[in-house]
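Chemist: If it helps, the file is called target39.cif and holds mmCIF, C-alpha atoms:
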data_my_file
loop_
_atom_site.label_atom_id
_atom_site.label_comp_id
_atom_site.auth_asym_id
_atom_site.auth_seq_id
_atom_site.Cartn_x
_atom_site.Cartn_y
_atom_site.Cartn_z
CA MET I 3 0.00 0.00 0.00
CA VAL I 4 1.16 3.49 -0.80
CA GLU I 5 1.04 6.18 1.84
CA SER I 6 -1.69 8.81 1.81
CA LEU I 7 -0.75 12.35 1.04
CA THR I 8 -1.71 15.56 2.74
CA ILE I 9 -2.35 18.75 0.84
CA ASN I 10 -1.49 22.26 1.93
CA ALA I 11 -5.03 23.27 2.66
CA THR I 12 -4.77 26.92 1.65
CA PRO I 13 -8.17 28.57 1.19
CA ALA I 14 -7.68 28.74 -2.60
CA ALA I 15 -6.78 25.04 -2.87
CA ARG I 16 -9.69 24.17 -0.59
CA TYR I 17 -12.08 26.21 -2.71
CA VAL I 18 -11.04 24.46 -5.91
CA LEU I 19 -10.93 21.02 -4.27
CA ARG I 20 -14.43 21.46 -2.92
CA LEU I 21 -15.70 21.80 -6.45
CA ALA I 22 -13.34 19.15 -7.88
CA ASP I 23 -14.35 16.62 -5.25
CA THR I 24 -18.06 17.31 -5.66
CA CYS I 25 -17.70 16.64 -9.39
CA LEU I 26 -15.53 13.55 -8.80
CA ILE I 27 -17.73 11.89 -6.20
CA HIS I 28 -20.92 12.75 -8.08
CA ALA I 29 -19.34 11.23 -11.21
CA GLN I 30 -18.41 8.10 -9.27
CA ARG I 31 -21.99 7.68 -8.04
CA LEU I 32 -23.55 8.30 -11.45
CA ALA I 33 -21.07 5.87 -13.02
CA GLU I 34 -22.48 3.13 -10.79
CA TRP I 35 -25.43 3.14 -13.19
CA CYS I 36 -23.23 2.04 -16.08
CA GLY I 37 -24.85 -1.12 -17.42
CA HIS I 38 -27.76 -0.86 -14.96
CA GLY I 39 -29.81 2.09 -16.27
CA PRO I 40 -33.59 1.74 -16.42
CA VAL I 41 -33.41 1.84 -20.25
CA LEU I 42 -30.41 1.59 -22.55
CA GLU I 43 -30.62 5.21 -23.72
CA GLU I 44 -30.79 6.65 -20.20
CA ASP I 45 -27.96 4.34 -19.13
CA ILE I 46 -25.80 6.00 -21.80
CA ALA I 47 -27.05 9.46 -20.76
CA LEU I 48 -26.09 8.91 -17.10
CA THR I 49 -22.68 7.59 -18.05
CA ASN I 50 -22.08 10.51 -20.44
CA MET I 51 -22.89 12.90 -17.61
CA ALA I 52 -20.57 11.01 -15.28
CA LEU I 53 -17.78 11.38 -17.84
CA ASP I 54 -18.46 15.13 -18.19
CA LEU I 55 -18.21 15.48 -14.41
CA LEU I 56 -15.05 13.40 -14.32
CA GLY I 57 -13.52 15.64 -16.99
CA GLN I 58 -14.43 18.73 -14.97
CA SER I 59 -12.95 17.21 -11.86
CA ARG I 60 -9.70 16.29 -13.65
CA ALA I 61 -9.21 19.87 -14.82
CA LEU I 62 -9.95 21.18 -11.33
CA LEU I 63 -7.72 18.64 -9.58
CA THR I 64 -4.83 19.55 -11.86
CA HIS I 65 -5.43 23.19 -11.01
CA ALA I 66 -5.75 22.46 -7.30
CA ALA I 67 -2.43 20.57 -7.46
CA ALA I 68 -0.82 23.66 -9.00
CA LEU I 69 -2.29 25.88 -6.26
CA ASP I 70 -1.13 23.38 -3.63
CA GLY I 71 2.43 23.68 -4.93
CA GLN I 72 3.79 20.24 -3.97
CA GLY I 73 4.20 19.08 -7.56
CA LEU I 74 1.34 16.58 -7.28
CA ASP I 75 -0.87 15.57 -10.19
CA GLU I 76 -4.59 14.90 -10.65
CA ASP I 77 -4.25 11.14 -10.10
CA GLN I 78 -2.38 11.55 -6.84
CA LEU I 79 -5.02 13.95 -5.56
CA ALA I 80 -7.88 11.66 -6.60
CA PHE I 81 -6.41 8.38 -5.41
CA LEU I 82 -4.05 9.11 -2.54
CA ARG I 83 -5.99 11.46 -0.31
CA ASP I 84 -7.82 10.07 2.71
CA GLU I 85 -11.41 10.82 3.54
CA GLY I 86 -10.66 13.84 5.73
CA GLN I 87 -8.83 15.47 2.83
CA PHE I 88 -11.88 15.34 0.53
CA PHE I 89 -14.13 18.39 0.53
CA ASN I 90 -17.16 17.44 -1.59
CA LEU I 91 -20.77 18.31 -0.80
CA THR I 92 -22.14 15.51 1.38
CA LEU I 93 -25.16 14.88 -0.85
CA ALA I 94 -22.88 13.68 -3.67
CA GLU I 95 -21.55 10.77 -1.59
CA GLN I 96 -24.92 9.35 -0.52
CA PRO I 97 -25.71 5.93 -2.03
CA LEU I 98 -27.74 5.85 -5.24
CA ARG I 99 -28.19 2.29 -6.33
CA ARG I 100 -29.72 -0.42 -4.22
CA SER I 101 -27.22 -2.91 -5.52
CA SER I 102 -24.19 -0.89 -4.54
CA ALA I 103 -22.14 -3.46 -2.71
CA HIS I 104 -21.94 -1.39 0.44
CA ALA I 105 -25.20 0.50 0.62
CA PRO I 106 -28.93 0.00 0.72
CA GLY I 107 -29.30 2.69 -1.95
CA GLY I 108 -32.60 3.67 -3.37
CA ASP I 109 -34.70 4.53 -6.29
CA PHE I 110 -34.14 5.97 -9.76
CA ALA I 111 -36.00 9.05 -8.46
CA ASP I 112 -33.07 9.60 -6.05
CA THR I 113 -30.71 9.81 -9.00
CA VAL I 114 -33.01 12.12 -10.92
CA LEU I 115 -33.51 14.47 -8.01
CA ARG I 116 -29.89 14.55 -6.83
CA ASN I 117 -28.67 15.14 -10.36
CA PHE I 118 -31.10 18.04 -10.64
CA LEU I 119 -30.17 19.64 -7.31
CA LEU I 120 -26.44 19.32 -7.95
CA ALA I 121 -26.55 20.29 -11.64
CA THR I 122 -28.48 23.44 -10.79
CA TRP I 123 -25.91 24.25 -8.11
CA LEU I 124 -22.95 23.51 -10.35
CA LYS I 125 -24.47 25.63 -13.11
CA ALA I 126 -24.65 28.58 -10.73
CA VAL I 127 -21.08 27.96 -9.56
CA TRP I 128 -19.70 27.82 -13.12
CA GLN I 129 -21.57 31.00 -13.99
CA GLY I 130 -20.07 32.71 -10.96
CA LEU I 131 -16.59 31.49 -11.83
CA ALA I 132 -16.71 32.82 -15.38
CA THR I 133 -15.44 36.16 -14.03
CA SER I 134 -12.84 34.68 -11.67
CA ALA I 135 -9.58 36.56 -11.32
CA ASP I 136 -7.97 33.12 -11.69
CA LEU I 137 -7.96 32.79 -15.48
CA THR I 138 -7.41 29.03 -15.47
CA LEU I 139 -10.43 28.57 -13.25
CA ALA I 140 -12.48 30.92 -15.44
CA ALA I 141 -11.54 28.87 -18.52
CA ILE I 142 -12.48 25.58 -16.84
CA ALA I 143 -15.79 27.14 -15.80
CA ALA I 144 -16.59 28.40 -19.30
CA LYS I 145 -16.22 24.89 -20.72
CA ALA I 146 -18.02 23.18 -17.85
CA LEU I 147 -20.98 25.56 -17.98
CA LYS I 148 -22.08 24.16 -21.35
CA GLU I 149 -22.06 20.65 -19.93
CA ALA I 150 -23.83 21.67 -16.74
CA ARG I 151 -26.58 23.47 -18.65
CA TYR I 152 -27.39 20.24 -20.44
CA HIS I 153 -27.21 18.14 -17.25
CA GLN I 154 -29.56 20.57 -15.57
CA GLN I 155 -32.07 20.47 -18.42
CA HIS I 156 -31.94 16.69 -18.69
CA ALA I 157 -32.42 16.23 -14.96
CA ALA I 158 -35.13 18.90 -14.75
CA ASP I 159 -37.13 17.15 -17.46
CA TRP I 160 -36.96 13.91 -15.49
CA VAL I 161 -38.05 15.68 -12.29
CA VAL I 162 -41.15 16.96 -14.11
CA ARG I 163 -41.82 13.57 -15.72
CA LEU I 164 -41.77 11.80 -12.37
CA GLY I 165 -43.43 14.54 -10.33
CA ASP I 166 -46.20 15.13 -12.84
CA GLY I 167 -46.36 11.48 -13.91
CA THR I 168 -48.27 8.76 -12.08
CA ASP I 169 -49.22 8.67 -8.41
CA GLU I 170 -46.47 6.12 -7.89
CA SER I 171 -43.74 8.20 -9.57
CA ALA I 172 -44.87 11.34 -7.71
CA ARG I 173 -44.81 9.50 -4.38
CA ARG I 174 -41.31 8.21 -5.01
CA LEU I 175 -40.03 11.61 -6.10
CA ARG I 176 -41.43 13.23 -2.94
CA ALA I 177 -39.70 10.56 -0.87
CA SER I 178 -36.43 11.33 -2.69
CA LEU I 179 -36.86 15.02 -1.97
CA ASP I 180 -37.47 14.30 1.72
CA SER I 181 -34.24 12.34 1.99
CA ALA I 182 -32.08 14.67 -0.13
CA TRP I 183 -33.25 18.03 1.19
CA PRO I 184 -31.48 17.97 4.57
CA TYR I 185 -28.18 17.97 2.66
CA VAL I 186 -29.06 21.06 0.64
CA SER I 187 -28.35 23.64 3.36
CA GLU I 188 -24.67 22.81 2.98
CA PHE I 189 -24.80 24.04 -0.64
CA PHE I 190 -25.17 27.61 0.63
CA THR I 191 -23.35 27.77 3.96
CA ASP I 192 -20.39 30.13 3.78
CA ASP I 193 -17.20 29.50 5.70
CA GLU I 194 -13.70 31.01 5.78
CA VAL I 195 -12.92 29.41 2.40
CA ASP I 196 -15.80 31.30 0.78
CA ASN I 197 -14.80 34.54 2.45
CA ALA I 198 -11.25 34.20 1.18
CA ALA I 199 -12.48 33.38 -2.33
CA VAL I 200 -14.57 36.55 -2.42
CA ALA I 201 -11.75 38.68 -1.01
CA THR I 202 -9.29 37.42 -3.66
CA ARG I 203 -11.90 37.45 -6.45
CA LEU I 204 -11.30 33.72 -6.93
CA GLY I 205 -15.03 33.00 -7.10
CA PRO I 206 -18.43 33.46 -5.51
CA ALA I 207 -19.32 32.56 -1.93
CA ARG I 208 -21.76 29.65 -1.76
CA GLY I 209 -24.32 31.72 0.08
CA SER I 210 -24.57 34.16 -2.81
CA LEU I 211 -25.80 31.40 -5.12
CA ARG I 212 -28.86 30.59 -3.11
CA GLU I 213 -31.36 33.00 -4.59
CA ALA I 214 -30.68 32.12 -8.24
CA TRP I 215 -30.61 28.40 -7.39
CA LEU I 216 -33.88 28.58 -5.54
CA ALA I 217 -35.59 30.46 -8.37
CA GLU I 218 -34.54 27.82 -10.88
CA VAL I 219 -35.38 24.88 -8.63
CA GLY I 220 -38.70 26.43 -7.61
CA ALA I 221 -39.81 26.86 -11.23
CA VAL I 222 -39.11 23.21 -12.03
CA PHE I 223 -40.69 22.03 -8.77
CA ALA I 224 -43.86 23.96 -9.66
CA ASP I 225 -44.09 22.04 -12.94
CA ALA I 226 -43.36 18.83 -11.06
CA ARG I 227 -46.05 19.48 -8.41
CA LEU I 228 -43.42 19.55 -5.69
CA SER I 229 -43.27 22.23 -3.04
CA VAL I 230 -39.96 23.60 -1.87
CA PRO I 231 -39.38 22.30 1.66
CA LYS I 232 -38.25 24.45 4.57
CA TRP I 233 -34.48 24.84 4.90
CA SER I 234 -33.01 22.22 7.14
CA ARG I 235 -31.17 23.50 10.20
CA TYR I 236 -28.81 20.58 9.90
CA ILE I 237 -25.68 21.59 7.99
CA ALA I 238 -23.80 18.66 6.48
CA THR I 239 -20.03 18.82 6.80
CA GLY I 240 -18.47 17.15 3.73
CA THR I 241 -17.01 20.44 2.53
CA ARG I 242 -15.14 20.63 5.85
CA GLY I 243 -13.73 17.13 5.34
CA VAL I 244 -16.10 15.45 7.80
CA HIS I 245 -18.10 12.88 5.85
CA SER I 246 -20.99 10.48 6.19
CA GLU I 247 -20.35 6.78 6.70
CA HIS I 248 -20.62 6.15 2.95
CA MET I 249 -17.56 8.11 1.92
CA GLY I 250 -14.97 5.58 3.03
CA PHE I 251 -16.59 2.85 0.96
CA ILE I 252 -16.56 5.01 -2.17
CA LEU I 253 -12.88 5.78 -1.71
CA ALA I 254 -12.07 2.14 -1.02
CA GLU I 255 -13.60 1.21 -4.36
CA MET I 256 -12.25 4.20 -6.25
CA GLN I 257 -8.72 4.15 -4.87
CA SER I 258 -7.95 0.45 -4.42
CA LEU I 259 -6.11 0.02 -7.71
CA GLN I 260 -3.78 3.01 -7.25
CA ARG I 261 -3.18 2.08 -3.63
CA ARG I 262 -2.30 -1.50 -4.57
CA PHE I 263 -0.28 -0.60 -7.67
CA PRO I 264 1.07 2.91 -7.02
CA GLY I 265 1.58 4.92 -10.20
CA GLY I 266 0.01 2.17 -12.29
CA ARG I 267 -1.13 3.32 -15.73
CA TRP I 268 -3.31 1.88 -18.44
CA MET G 13 -48.71 -6.63 -30.20
CA SER G 14 -46.90 -3.31 -30.73
CA SER G 15 -44.21 -2.21 -28.30
CA GLU G 16 -46.46 0.60 -27.07
CA ALA G 17 -49.29 -1.79 -26.32
CA ARG G 18 -46.82 -3.66 -24.11
CA GLY G 19 -46.22 -0.43 -22.18
CA GLU G 20 -42.84 0.30 -23.77
CA TRP G 21 -41.74 3.67 -25.07
CA PRO G 22 -42.32 4.19 -28.81
CA LEU G 23 -39.53 3.94 -31.33
CA TRP G 24 -38.02 7.04 -32.99
CA GLU G 25 -35.82 7.36 -36.06
CA VAL G 26 -32.85 9.67 -35.58
CA PHE G 27 -31.34 11.99 -38.20
CA VAL G 28 -28.10 13.86 -37.53
CA ARG G 29 -26.60 16.74 -39.50
CA PRO G 30 -22.81 16.43 -39.32
CA LYS G 31 -22.16 20.11 -40.10
CA ALA G 32 -23.86 23.20 -41.41
CA GLY G 33 -24.74 22.94 -45.08
CA LEU G 34 -24.92 19.14 -45.14
CA ASP G 35 -28.08 17.02 -45.02
CA HIS G 36 -29.49 15.35 -41.95
CA LYS G 37 -28.62 11.69 -42.33
CA HIS G 38 -30.43 8.76 -40.81
CA CYS G 39 -28.17 7.21 -38.22
CA GLY G 40 -30.35 4.86 -36.17
CA SER G 41 -33.28 4.62 -33.84
CA LEU G 42 -34.08 4.68 -30.13
CA HIS G 43 -36.90 4.41 -27.62
CA ALA G 44 -38.24 7.52 -25.89
CA ALA G 45 -41.46 8.60 -24.19
CA ASP G 46 -41.95 11.75 -26.30
CA SER G 47 -40.19 13.97 -28.82
CA LYS G 48 -38.42 16.08 -26.22
CA MET G 49 -36.91 13.01 -24.60
CA ALA G 50 -36.12 11.55 -28.01
CA ILE G 51 -34.07 14.63 -28.95
CA GLN G 52 -32.12 14.46 -25.68
CA LEU G 53 -31.47 10.75 -25.91
CA ALA G 54 -30.50 11.06 -29.59
CA ARG G 55 -27.93 13.59 -28.48
CA GLU G 56 -26.68 11.13 -25.85
CA VAL G 57 -26.60 8.06 -28.06
CA TYR G 58 -25.67 9.37 -31.51
CA THR G 59 -23.57 12.54 -31.04
CA ARG G 60 -21.12 11.41 -28.36
CA ARG G 61 -18.18 11.71 -30.74
CA GLN G 62 -18.98 15.14 -32.18
CA GLU G 63 -20.98 13.66 -35.02
CA GLY G 64 -23.59 16.38 -35.11
CA THR G 65 -24.66 20.00 -35.07
CA SER G 66 -28.38 19.32 -35.35
CA VAL G 67 -30.73 16.41 -34.66
CA TRP G 68 -34.14 15.45 -36.04
CA VAL G 69 -36.34 12.72 -34.61
CA VAL G 70 -39.38 11.16 -36.29
CA ARG G 71 -41.74 8.58 -34.87
CA SER G 72 -40.90 5.32 -36.64
CA SER G 73 -44.61 4.66 -37.02
CA ASP G 74 -44.88 7.88 -39.06
CA VAL G 75 -42.45 6.59 -41.68
CA THR G 76 -44.05 4.97 -44.71
CA ALA G 77 -41.63 2.62 -46.41
CA SER G 78 -41.63 0.96 -49.81
CA ASP G 79 -42.49 -2.71 -49.78
CA PRO G 80 -39.37 -4.91 -50.00
CA ALA G 81 -41.44 -7.26 -52.18
CA ASP G 82 -41.65 -4.49 -54.80
CA LYS G 83 -37.89 -4.17 -54.94
CA ASP G 84 -37.50 -5.83 -58.34
CA MET G 85 -40.13 -3.80 -60.15
CA TYR G 86 -39.26 -0.55 -58.37
CA PHE G 87 -35.50 -0.51 -58.60
CA ASP G 88 -34.12 -3.20 -60.92
CA PRO G 89 -35.25 -1.48 -64.17
CA MET G 90 -32.70 1.27 -63.56
CA GLU G 91 -29.84 -1.20 -63.73
CA ASP G 92 -29.12 -0.77 -67.48
CA LYS G 93 -29.74 2.97 -67.73
CA VAL G 94 -26.25 4.26 -67.06
CA TYR G 95 -26.96 7.18 -69.40
CA ARG G 96 -28.91 8.74 -66.56
CA HIS G 97 -25.62 9.46 -64.80
CA PRO G 98 -24.29 12.83 -65.95
CA SER G 99 -20.84 11.30 -66.35
CA PHE G 100 -20.56 11.53 -70.13
CA TYR G 101 -19.88 15.24 -70.25
CA ALA G 102 -16.59 17.01 -69.90
CA LEU G 103 -17.05 19.57 -67.18
CA PRO G 104 -15.37 22.95 -67.23
CA GLU G 105 -12.53 23.05 -64.74
CA SER G 106 -14.29 25.58 -62.51
CA VAL G 107 -17.09 23.09 -61.72
CA ASP G 108 -14.95 19.99 -61.79
CA HIS G 109 -15.72 19.06 -58.19
CA MET G 110 -19.31 18.03 -58.86
#
Starting from the coordinates I provided, produce the structure as structure tokens.
Modeler:
Amino acid sequence: MVESLTINATPAARYVLRLADTCLIHAQRLAEWCGHGPVLEEDIALTNMALDLLGQSRALLTHAAALDGQGLDEDQLAFLRDEGQFFNLTLAEQPLRRSSAHAPGGDFADTVLRNFLLATWLKAVWQGLATSADLTLAAIAAKALKEARYHQQHAADWVVRLGDGTDESARRLRASLDSAWPYVSEFFTDDEVDNAAVATRLGPARGSLREAWLAEVGAVFADARLSVPKWSRYIATGTRGVHSEHMGFILAEMQSLQRRFPGGRW
Amino acid sequence: MSSEARGEWPLWEVFVRPKAGLDHKHCGSLHAADSKMAIQLAREVYTRRQEGTSVWVVRSSDVTASDPADKDMYFDPMEDKVYRHPSFYALPESVDHM
């Protein structure tokens, strides 16, 4: 086994890693659908989105490595950090598929809803980063925004289909919303990393994204016959490196090859 | 029994335009609940490798096809009419790429 590495958690590196890790872990979860989608075409759609997110995360990890200044690369950051060094939104790491080896998982509605909540958030983040003083980050955001706009539309259409579909699909979507919503407060909770990002014009504070996000989500929810729940007072802590019990299992699966065969390449 | 009667999504034919100025070309088919979903899934399934700049979808049931049994009377008579190809004329150099 190869030793874990520790990054210099400067606010700038933390800010970029938070986004990189959210994309990476969300991609890993969506990729679990590969070969298991409800229909062939949607299986391909979910995997395409996972690959878009993985591409975004690779660009961000490479940039975070540069900001970190230890000469690390994207693979080392993805595969050799321990749980406490990952800063993704906690919702992204929750189980999606019932047959995940290590999780009870849930319903296709969970995937639809999570993808919608996260894609809408990511879209707002990329829009905010387009004017970043960090030109590399602005360029990554400009490319990613096109992908996120499609993800958001695709997921929004599914939310409406299920919410305004049959009684059964509406019931399941509401159940998905009930279980996902407590994690949403974290999307908009500022901390010292956000404050530093605003001060250095690196990017927007999370809290500033809330209004635009809520307007977009609310419009789709109205079409889907869902009401926007009250904000949860629980604030999840993934972006501070304190994760739910599912995170370790994801990393075990994702990192095992690089840990066993350090530096191994295809 | 049709696929729809079995509760499956209907079949759509997909046409992709590779770049501006070219025709939409038939490239395959897929299942989708409605035209909006068919366009999105066509994008997912048939333009993953930058094949397209525009997509059309048409319900397969809306396509009327010639009867394969008519193939001989419909198409075979053209076999010996090579003079219908405009290949017996010398073209001026300026239009030589036709």
Chemist: Got a sec to pull out which chain I residues are within 10 Å of chain G, counting only C-alpha atoms, and send them as a ChimeraX atom specification?
Modeler: /I:41-51,152,155-156,159-160,163
Chemist: Selected by the PyMOL selection byres ((chain I and resi 90) around 12) in the shown coordinates: which residues, as number ranges by chain?
Modeler: I: 16-29, 59, 85-89, 91-96, 120, 185, 188-189, 238-246, 249
Chemist: Which residues come within 7 Å of Ala157 (chain I), counting only C-alpha atoms, excluding same-chain residues fewer than 6 positions away, as a PyMOL selection string?
Modeler: chain I and resi 114+117-118
Chemist: Write the residues of the selection above to a file with C-alpha atoms, as a PDB file, keeping the file's coordinate frame.
Modeler:
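Generated output (selection-v7.pdb):
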ATOM      1  CA  VAL I 114     -33.010  12.120 -10.920  1.00  0.00           C
ATOM      2  CA  ASN I 117     -28.670  15.140 -10.360  1.00  0.00           C
ATOM      3  CA  PHE I 118     -31.100  18.040 -10.640  1.00  0.00           C
TER       4      PHE I 118
END
Chemist: Assuming the chain letters and numbering stay as they are in my file, what does the PyMOL selection byres ((chain G and resi 26) around 10) actually select? List them as a count of residues only.
Modeler: 25
Chemist: Ala207 (chain I): which residues within 12 Å, counting all atoms listed in the file, same-chain residues fewer than 5 positions away excluded, as a list in words?
Modeler: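 Counting all atoms listed in the file, the residues come to Tyr17, Ala126, Val127, Gly130, Leu131, Ser134, Phe189, Phe190, Thr191, Asp192, Asp193, Glu194, Val195, Asp196, Asn197, Ala198, Ala199, Val200, Ala201, Thr202 and Arg212 of chain I.
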Chemist: CA of Glu20 (chain G) and CA of Gly39 (chain I), how far apart in Å?
Modeler: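 Computing the Euclidean distance for CA of Gly39 (chain I) and CA of Glu20 (chain G) yields 15.1 Å.
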Chemist: Using CA of Ala33 (chain I) and CA of Gln154 (chain I) as the two end points, give the distance in Å to one decimal.
Modeler: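 Those two atoms sit 17.2 Å apart.
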Chemist: Neighbouring residues of Ser234 (chain I) were defined as those with any atom within 8 Å, considering all atoms listed in the file; residues of the same chain fewer than 4 positions away were excluded. Please report them as a PDB file with C-alpha atoms, keeping the file's coordinate frame.
Modeler:
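part-v2.pdb, written as the output of this step:
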ATOM      1  CA  TRP I 183     -33.250  18.030   1.190  1.00  0.00           C
ATOM      2  CA  PRO I 184     -31.480  17.970   4.570  1.00  0.00           C
ATOM      3  CA  TYR I 185     -28.180  17.970   2.660  1.00  0.00           C
ATOM      4  CA  VAL I 186     -29.060  21.060   0.640  1.00  0.00           C
ATOM      5  CA  SER I 187     -28.350  23.640   3.360  1.00  0.00           C
TER       6      SER I 187
END
Chemist: Calculated over all atoms listed in the file, which of the candidates G:Pro104, G:Pro80, G:Pro30, G:Pro98 has the smallest distance to Thr59 (chain G)?
Modeler: G:Pro30
Chemist: In Å, how far is it from CA of Gly265 (chain I) to CA of Gln58 (chain I)?
Modeler: 21.7 Å
Chemist: Since the input is missing atoms for region 205-217 of chain I, could you rebuild it with N, CA and C atoms and give the result as a PDB file, in the frame of the given file?
Modeler:
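Output contents, as saved in result.pdb:
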ATOM      1  N   GLY I 205     -13.703  33.474  -6.682  1.00  0.00           N
ATOM      2  CA  GLY I 205     -15.030  33.000  -7.100  1.00  0.00           C
ATOM      3  C   GLY I 205     -16.073  33.391  -6.085  1.00  0.00           C
ATOM      4  N   PRO I 206     -17.336  33.045  -6.381  1.00  0.00           N
ATOM      5  CA  PRO I 206     -18.430  33.460  -5.510  1.00  0.00           C
ATOM      6  C   PRO I 206     -18.478  32.663  -4.203  1.00  0.00           C
ATOM      7  N   ALA I 207     -19.014  33.276  -3.168  1.00  0.00           N
ATOM      8  CA  ALA I 207     -19.320  32.560  -1.930  1.00  0.00           C
ATOM      9  C   ALA I 207     -20.565  31.713  -2.181  1.00  0.00           C
ATOM     10  N   ARG I 208     -20.607  30.548  -1.559  1.00  0.00           N
ATOM     11  CA  ARG I 208     -21.760  29.650  -1.760  1.00  0.00           C
ATOM     12  C   ARG I 208     -23.087  30.334  -1.455  1.00  0.00           C
ATOM     13  N   GLY I 209     -23.075  31.105  -0.373  1.00  0.00           N
ATOM     14  CA  GLY I 209     -24.320  31.720   0.080  1.00  0.00           C
ATOM     15  C   GLY I 209     -24.935  32.626  -0.979  1.00  0.00           C
ATOM     16  N   SER I 210     -24.065  33.214  -1.809  1.00  0.00           N
ATOM     17  CA  SER I 210     -24.570  34.160  -2.810  1.00  0.00           C
ATOM     18  C   SER I 210     -25.290  33.464  -3.955  1.00  0.00           C
ATOM     19  N   LEU I 211     -25.177  32.133  -4.023  1.00  0.00           N
ATOM     20  CA  LEU I 211     -25.800  31.400  -5.120  1.00  0.00           C
ATOM     21  C   LEU I 211     -27.231  31.003  -4.820  1.00  0.00           C
ATOM     22  N   ARG I 212     -27.617  31.187  -3.562  1.00  0.00           N
ATOM     23  CA  ARG I 212     -28.860  30.590  -3.110  1.00  0.00           C
ATOM     24  C   ARG I 212     -30.092  31.104  -3.837  1.00  0.00           C
ATOM     25  N   GLU I 213     -30.153  32.408  -4.024  1.00  0.00           N
ATOM     26  CA  GLU I 213     -31.360  33.000  -4.590  1.00  0.00           C
ATOM     27  C   GLU I 213     -31.601  32.511  -6.025  1.00  0.00           C
ATOM     28  N   ALA I 214     -30.548  32.545  -6.842  1.00  0.00           N
ATOM     29  CA  ALA I 214     -30.680  32.120  -8.240  1.00  0.00           C
ATOM     30  C   ALA I 214     -31.016  30.623  -8.306  1.00  0.00           C
ATOM     31  N   TRP I 215     -30.373  29.849  -7.431  1.00  0.00           N
ATOM     32  CA  TRP I 215     -30.610  28.400  -7.390  1.00  0.00           C
ATOM     33  C   TRP I 215     -32.062  28.114  -7.030  1.00  0.00           C
ATOM     34  N   LEU I 216     -32.518  28.830  -6.026  1.00  0.00           N
ATOM     35  CA  LEU I 216     -33.880  28.580  -5.540  1.00  0.00           C
ATOM     36  C   LEU I 216     -34.918  28.970  -6.594  1.00  0.00           C
ATOM     37  N   ALA I 217     -34.657  30.040  -7.328  1.00  0.00           N
ATOM     38  CA  ALA I 217     -35.590  30.460  -8.370  1.00  0.00           C
ATOM     39  C   ALA I 217     -35.701  29.378  -9.439  1.00  0.00           C
TER      40      ALA I 217
END
